[in-house]
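Text of work-v8.cif, listed as mmCIF, C-alpha atoms and all ligand atoms:
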```cif
data_target
loop_
_atom_site.label_atom_id
_atom_site.label_comp_id
_atom_site.auth_asym_id
_atom_site.auth_seq_id
_atom_site.Cartn_x
_atom_site.Cartn_y
_atom_site.Cartn_z
CA VAL A 30 101.03 90.82 107.91
CA SER A 31 99.71 92.27 111.06
CA ALA A 32 96.29 93.44 112.00
CA ALA A 33 95.20 94.84 115.27
CA PRO A 34 93.18 92.24 117.14
CA GLY A 35 89.50 92.84 117.07
CA ALA A 36 89.79 95.18 114.12
CA ALA A 37 86.44 95.89 112.54
CA PRO A 38 85.97 95.51 108.81
CA ASN A 39 85.24 99.06 107.83
CA VAL A 40 86.84 102.47 107.64
CA PRO A 41 87.98 103.06 110.48
CA SER A 42 85.95 100.91 112.85
CA ARG A 43 85.04 103.88 114.94
CA ALA A 44 85.88 107.54 114.90
CA PRO A 45 89.34 107.96 116.37
CA SER A 46 89.47 109.68 119.71
CA GLY A 47 88.89 113.40 119.35
CA ALA A 48 86.66 113.08 116.30
CA PRO A 49 82.93 113.72 116.63
CA SER A 50 81.15 110.38 117.01
CA ASP A 51 78.78 111.18 114.13
CA ALA A 52 81.58 112.24 111.77
CA GLY A 53 81.74 110.51 108.40
CA PRO A 54 84.53 108.27 107.16
CA ASP A 55 86.54 111.20 105.75
CA ALA A 56 86.46 113.06 109.03
CA ALA A 57 87.40 109.89 110.91
CA ARG A 58 90.28 109.29 108.49
CA ASP A 59 91.46 112.86 108.80
CA ALA A 60 91.31 112.65 112.58
CA LEU A 61 93.35 109.46 112.50
CA ALA A 62 95.84 111.06 110.10
CA ALA A 63 96.23 114.00 112.46
CA ARG A 64 96.92 111.73 115.42
CA LEU A 65 99.46 109.74 113.41
CA ALA A 66 101.07 112.98 112.22
CA ALA A 67 101.52 113.99 115.83
CA VAL A 68 103.72 110.89 116.22
CA VAL A 69 105.72 110.82 112.98
CA GLY A 70 105.32 114.36 111.62
CA PRO A 71 102.88 115.50 108.93
CA ARG A 72 105.30 114.72 106.07
CA HIS A 73 105.23 111.07 106.99
CA VAL A 74 101.48 110.52 106.86
CA LEU A 75 100.14 110.18 103.31
CA ARG A 76 96.44 110.46 102.64
CA ARG A 77 95.87 111.82 99.12
CA PRO A 78 95.00 109.17 96.48
CA THR A 79 97.91 110.36 94.33
CA GLU A 80 100.34 109.92 97.23
CA LEU A 81 98.92 106.51 98.08
CA ARG A 82 99.13 105.28 94.51
CA VAL A 83 102.70 104.08 94.99
CA TYR A 84 101.50 101.79 97.79
CA ASP A 85 98.53 100.25 96.01
CA ALA A 86 100.49 97.30 94.60
CA ASP A 87 103.63 95.28 95.23
CA GLY A 88 105.63 93.12 92.81
CA LEU A 89 102.54 91.10 91.95
CA PRO A 90 101.03 92.89 88.97
CA GLY A 91 97.29 92.94 88.62
CA TYR A 92 96.42 93.28 92.30
CA HIS A 93 95.70 96.77 93.55
CA ARG A 94 94.42 97.87 96.94
CA GLN A 95 94.79 101.42 98.15
CA PRO A 96 95.37 101.90 101.87
CA LEU A 97 93.29 104.25 103.97
CA LEU A 98 96.50 106.06 104.90
CA ALA A 99 100.21 105.37 104.77
CA VAL A 100 102.29 106.11 107.83
CA LEU A 101 106.08 106.09 107.72
CA PRO A 102 107.71 106.02 111.16
CA GLY A 103 111.41 106.82 111.37
CA THR A 104 112.42 105.19 114.65
CA ARG A 105 111.59 102.11 116.67
CA GLU A 106 109.88 104.32 119.23
CA GLU A 107 107.70 105.79 116.51
CA VAL A 108 106.83 102.31 115.25
CA VAL A 109 105.69 101.32 118.73
CA ALA A 110 103.72 104.54 119.17
CA VAL A 111 102.03 104.17 115.78
CA VAL A 112 101.09 100.55 116.40
CA ARG A 113 99.83 101.46 119.86
CA LEU A 114 97.63 104.16 118.38
CA LEU A 115 96.28 101.88 115.64
CA ALA A 116 95.62 99.09 118.13
CA ALA A 117 93.79 101.47 120.46
CA GLU A 118 91.64 102.68 117.56
CA GLY A 119 90.96 99.16 116.28
CA VAL A 120 92.50 100.00 112.91
CA PRO A 121 94.11 97.09 111.00
CA PHE A 122 97.50 97.70 109.43
CA VAL A 123 99.94 96.02 107.08
CA PRO A 124 103.72 96.49 107.28
CA ARG A 125 105.69 97.11 104.12
CA GLY A 126 109.36 97.17 103.25
CA ALA A 127 110.24 97.91 99.63
CA GLY A 128 107.08 96.41 98.12
CA THR A 129 108.96 93.91 95.93
CA GLY A 130 106.99 90.96 97.31
CA LEU A 131 105.35 88.73 94.74
CA SER A 132 102.39 87.61 96.82
CA GLY A 133 100.42 90.82 97.43
CA GLY A 134 101.37 90.63 101.09
CA ALA A 135 102.23 94.32 101.41
CA LEU A 136 98.80 95.54 100.29
CA ALA A 137 96.53 97.29 102.79
CA ASP A 138 92.90 97.45 101.73
CA GLY A 139 91.51 100.81 102.78
CA ALA A 140 88.16 100.48 101.04
CA ALA A 141 87.15 97.10 102.43
CA HIS A 142 88.96 97.06 105.77
CA GLY A 143 90.02 100.60 106.55
CA ALA A 144 93.57 99.26 106.65
CA VAL A 145 96.58 101.50 107.12
CA LEU A 146 99.91 100.89 105.40
CA LEU A 147 102.84 100.91 107.84
CA GLY A 148 105.93 101.69 105.77
CA LEU A 149 109.22 100.67 107.38
CA ASN A 150 111.57 101.85 104.68
CA ARG A 151 112.81 104.84 106.71
CA LEU A 152 114.41 102.47 109.23
CA THR A 153 117.59 101.98 107.24
CA ARG A 154 120.43 101.90 109.75
CA VAL A 155 122.99 99.16 110.14
CA LEU A 156 123.37 99.70 113.87
CA ARG A 157 126.37 97.51 114.56
CA VAL A 158 128.65 94.99 112.90
CA ASP A 159 130.26 92.53 115.29
CA ALA A 160 132.84 91.07 112.93
CA GLU A 161 134.28 88.63 115.45
CA ASN A 162 130.92 86.96 116.00
CA ARG A 163 129.72 87.60 112.45
CA VAL A 164 126.60 89.35 113.61
CA ALA A 165 125.07 92.55 112.26
CA VAL A 166 122.35 94.42 114.10
CA VAL A 167 120.10 96.18 111.59
CA GLU A 168 116.85 98.05 111.34
CA PRO A 169 114.12 96.35 109.28
CA GLY A 170 114.25 98.79 106.37
CA VAL A 171 117.89 98.12 105.51
CA VAL A 172 118.14 97.16 101.86
CA ASN A 173 119.57 93.68 101.47
CA ALA A 174 122.47 94.73 99.22
CA LYS A 175 123.37 97.59 101.57
CA LEU A 176 123.91 95.07 104.35
CA GLY A 177 126.32 93.22 102.10
CA GLN A 178 128.17 96.47 101.43
CA ALA A 179 128.27 97.31 105.13
CA VAL A 180 129.98 94.05 106.10
CA ALA A 181 132.31 93.79 103.09
CA PRO A 182 135.06 95.91 104.74
CA PHE A 183 135.22 93.23 107.45
CA ARG A 184 135.78 90.59 104.75
CA LEU A 185 132.32 89.24 105.49
CA HIS A 186 129.39 88.50 103.25
CA TYR A 187 125.65 88.37 103.90
CA ALA A 188 124.58 85.34 101.91
CA PRO A 189 120.78 85.47 101.35
CA ASP A 190 120.58 87.13 97.95
CA PRO A 191 117.13 87.38 96.36
CA SER A 192 117.32 88.78 92.85
CA SER A 193 115.58 91.89 94.19
CA GLN A 194 118.41 92.52 96.64
CA SER A 195 119.14 96.02 95.38
CA ALA A 196 115.67 97.09 96.57
CA CYS A 197 114.15 94.60 99.02
CA THR A 198 114.55 95.08 102.77
CA VAL A 199 115.78 92.77 105.49
CA GLY A 200 112.37 93.06 107.20
CA GLY A 201 110.63 91.90 104.04
CA ASN A 202 113.24 89.14 103.61
CA VAL A 203 112.50 87.83 107.09
CA ALA A 204 108.73 87.99 106.58
CA GLU A 205 109.03 86.10 103.27
CA ASN A 206 112.02 83.94 104.24
CA ALA A 207 113.64 85.09 101.03
CA GLY A 208 116.36 83.16 99.28
CA GLY A 209 118.65 83.30 96.29
CA PRO A 210 121.50 81.38 94.64
CA HIS A 211 123.82 81.56 97.66
CA CYS A 212 121.06 80.02 99.78
CA LEU A 213 121.54 76.68 98.07
CA LYS A 214 124.79 76.39 100.01
CA TYR A 215 124.32 78.68 102.99
CA GLY A 216 120.62 78.56 103.80
CA VAL A 217 117.76 81.03 103.40
CA THR A 218 117.07 84.16 105.40
CA LEU A 219 115.80 82.41 108.50
CA ASN A 220 119.04 80.43 108.73
CA HIS A 221 120.84 83.75 109.12
CA VAL A 222 118.65 85.45 111.70
CA VAL A 223 119.74 84.90 115.28
CA ALA A 224 117.44 87.37 117.01
CA ALA A 225 114.66 89.81 116.28
CA THR A 226 112.94 92.53 118.22
CA VAL A 227 109.34 92.31 117.14
CA VAL A 228 106.57 94.84 117.64
CA LEU A 229 103.38 92.86 118.09
CA PRO A 230 100.00 94.09 116.79
CA THR A 231 99.07 94.93 120.35
CA ALA A 232 102.06 97.35 120.44
CA ARG A 233 103.89 95.21 122.95
CA TRP A 234 107.38 94.42 121.75
CA SER A 235 109.20 91.23 122.26
CA ARG A 236 112.71 89.95 121.62
CA TRP A 237 113.04 86.53 120.02
CA ALA A 238 116.39 84.79 119.81
CA THR A 239 117.96 81.46 118.95
CA PRO A 240 120.79 81.05 121.47
CA THR A 241 122.06 77.84 119.93
CA ALA A 242 122.53 79.28 116.46
CA ARG A 243 126.01 79.11 115.01
CA PRO A 244 127.61 80.91 112.08
CA ARG A 245 127.02 78.83 109.00
CA ALA A 246 130.28 79.53 107.26
CA THR A 247 133.57 81.31 107.28
CA THR A 248 134.78 84.71 106.18
CA CYS A 249 135.18 85.63 102.55
CA SER A 250 138.52 84.99 100.96
CA ALA A 251 138.20 88.42 99.37
CA PRO A 252 135.73 91.19 100.20
CA SER A 253 134.48 91.52 96.64
CA SER A 254 134.22 87.81 95.97
CA ALA A 255 130.48 87.37 96.15
CA ALA A 256 130.61 84.25 94.00
CA ARG A 257 132.95 82.53 96.41
CA GLY A 258 131.59 84.44 99.34
CA ALA A 259 130.91 82.44 102.40
CA SER A 260 128.13 83.66 104.58
CA ALA A 261 129.66 85.25 107.55
CA SER A 262 127.18 87.76 108.87
CA ARG A 263 123.88 87.08 110.46
CA SER A 264 121.27 89.75 110.84
CA THR A 265 118.90 90.49 113.65
C1 LIG B 301 112.52 91.28 90.39
C2 LIG B 301 112.25 90.49 91.65
C3 LIG B 301 113.07 89.44 91.97
C4 LIG B 301 112.83 88.70 93.14
N1 LIG B 301 113.66 87.65 93.42
C5 LIG B 301 113.46 86.94 94.54
C6 LIG B 301 114.33 85.86 94.88
O1 LIG B 301 115.30 85.56 94.16
N2 LIG B 301 114.08 85.18 96.00
C7 LIG B 301 113.03 85.48 96.82
O2 LIG B 301 112.86 84.84 97.85
N3 LIG B 301 112.18 86.51 96.53
C8 LIG B 301 112.37 87.24 95.42
N4 LIG B 301 111.53 88.28 95.12
C9 LIG B 301 110.42 88.58 96.04
C10 LIG B 301 110.71 89.71 97.05
O3 LIG B 301 111.77 90.55 96.63
C11 LIG B 301 111.07 89.11 98.42
O4 LIG B 301 109.96 88.41 98.94
C12 LIG B 301 111.52 90.16 99.43
O5 LIG B 301 111.87 89.48 100.63
C13 LIG B 301 110.45 91.19 99.75
O6 LIG B 301 111.05 92.22 100.51
P1 LIG B 301 110.37 93.67 100.59
O7 LIG B 301 111.18 94.51 101.49
O8 LIG B 301 110.14 94.21 99.24
O9 LIG B 301 108.98 93.31 101.29
P2 LIG B 301 107.51 93.79 100.91
O10 LIG B 301 107.15 93.37 99.53
O11 LIG B 301 107.35 95.22 101.25
O12 LIG B 301 106.66 92.92 101.95
C14 LIG B 301 106.61 91.52 101.80
C15 LIG B 301 105.86 90.94 103.01
O13 LIG B 301 106.62 91.16 104.17
C16 LIG B 301 105.90 91.93 105.13
N5 LIG B 301 106.87 92.82 105.74
C17 LIG B 301 107.73 93.65 105.12
N6 LIG B 301 108.52 94.27 105.98
C18 LIG B 301 108.13 93.84 107.22
C19 LIG B 301 108.58 94.12 108.53
N7 LIG B 301 109.58 94.97 108.77
N8 LIG B 301 107.96 93.48 109.56
C20 LIG B 301 106.96 92.61 109.33
N9 LIG B 301 106.49 92.29 108.10
C21 LIG B 301 107.09 92.91 107.06
C22 LIG B 301 104.81 92.62 104.34
O14 LIG B 301 103.66 92.88 105.14
C23 LIG B 301 104.51 91.60 103.26
O15 LIG B 301 103.61 90.62 103.74
C24 LIG B 301 111.73 89.02 93.97
C25 LIG B 301 110.91 90.10 93.63
C26 LIG B 301 111.16 90.83 92.49
C27 LIG B 301 110.26 91.99 92.17
#
```
Is it possible to give me this structure as structure tokens?
Amino acid sequence: VSAAPGAAPNVPSRAPSGAPSDAGPDAARDALAARLAAVVGPRHVLRRPTELRVYDADGLPGYHRQPLLAVLPGTREEVVAVVRLLAAEGVPFVPRGAGTGLSGGALADGAAHGAVLLGLNRLTRVLRVDAENRVAVVEPGVVNAKLGQAVAPFRLHYAPDPSSQSACTVGGNVAENAGGPHCLKYGVTLNHVVAATVVLPTARWSRWATPTARPRATTCSAPSSAARGASASRST
């Protein structure tokens, strides 16, 4: 969960640039929405309560917090630009993948904190599969099971398999260090991540890597053999 440093506790902490300084919270929110829409397009900024309803809970029933806004960038550049804007405005934000988390971690509290939901589920590309080195380069919104499907033609298998794998994202898996039955033998998500490009709450981005990491296992004996499947791909 990320929040812009120095974020103030209320909606938004100050009127976003361009809004009249004496404007109320609605005007400030609308001004922020307009600035975000200029980055990601109007379709990808949600502000109506009915639109935000889908984001007011994750897989933990009973906890509901509606975000001030939801913004859904479609590229890494848009993610950086959105985070830069939120950081400049002092607006806290919470990233979200598929919202299957069971700890309420993907909830952004608009009423109490003026928090914005940063949805990453449009970033769904498997950018590259390096079969020889058993490395896949993926965007954070790739659904776990889709990564498995993407590497199967190379007779490889992505081992971390939470039961939610048909919906949950690799970004959410990394944040939660998700695991599943294959992880008993092959290790959990963090044992399969060799590098990550991370956008910090300040909008600076940084690349983290583990140069000494080694593949944990060999290729699958058959592409469809998930039960026997040895972990062979590692995601970044
Ligand atoms: C039916 C069901 C079965 C499940 N089975 C398992 C299981 O077997 N094993 C297991 O470990 N978990 C399981 N879970 C929990 C959940 O699926 C995992 O924690 C999963 O990793 C969450 O991924 P997500 O994309 O849905 O993340 P979200 O729920 O959207 O977010 C989870 C957390 O990660 C953060 N986050 C998400 N994406 C990013 C990103 N790109 N960058 C930074 N932070 C991010 C969010 O802010 C939040 O704090 C299950 C959940 C359900 C509903």
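For the pair atom N8 of ligand LIG 301 (chain B) and CA of Ala179 in chain A, the separation is 21.1 Å.
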Self-check item: Given only C-alpha atoms as the counted atoms, nearest of A:Glu107, A:Glu161, A:Glu118, A:Asp190 to Lys175 in chain A
Solution: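 Smallest distance to Lys175 in chain A is found for A:Asp190.
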Exercise. Output the neighbourhood of ligand LIG 301 (chain B) as a PyMOL selection string, that is, all protein and nucleic acid residues with some atom at most 7 Å from the ligand, counting all atoms listed in the file.
Key: chain A and resi 30+87-88+123-131+134-135+149+169-170+190-194+196-209
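Each of A:His221, A:Arg64, A:Lys214, A:Arg184 was checked against Leu114 in chain A using only C-alpha atoms; the smallest atom-to-atom distance is that of A:Arg64.
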Quiz item: How many Å lie between CA of Thr153 in chain A and CA of Glu168 in chain A, rounded to one decimal?
Solution: 5.7 Å
Practice problem: Choose the residue, out of A:Ala188, A:Ala140, A:Cys212, A:Ala110, that has the smallest atom-to-atom separation from Pro78 in chain A; count all atoms listed in the file. | Solution: A:Ala140
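CA of Leu136 in chain A sits 8.6 Å away from CA of Tyr92 in chain A.
Restricting the calculation to only C-alpha atoms, the smallest distance between Ala144 in chain A and any of A:Asp59, A:Ala99, A:Pro210, A:Ala174 is found for A:Ala99.
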Quiz item: Which is closer to Ser132 in chain A than all the others in A:His93, A:Arg157, A:Arg151, A:Arg113, using only C-alpha atoms?
Solution: A:His93
Assuming 4 Å of padding per side, give the centre and edge lengths of the axis-aligned box around every listed atom of range 186-191 of chain A, in Å to one decimal and as lines of an AutoDock Vina configuration file.
```
center_x = 123.3
center_y = 86.9
center_z = 100.1
size_x = 20.3
size_y = 11.2
size_z = 15.5
```
Exercise. Determine the nearest neighbour of Ala238 in chain A from the options A:Asn150, A:Thr104, A:Gln178, A:Thr226, counting only C-alpha atoms.
Key: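 Among the listed residues, A:Thr226 lies closest to Ala238 in chain A.
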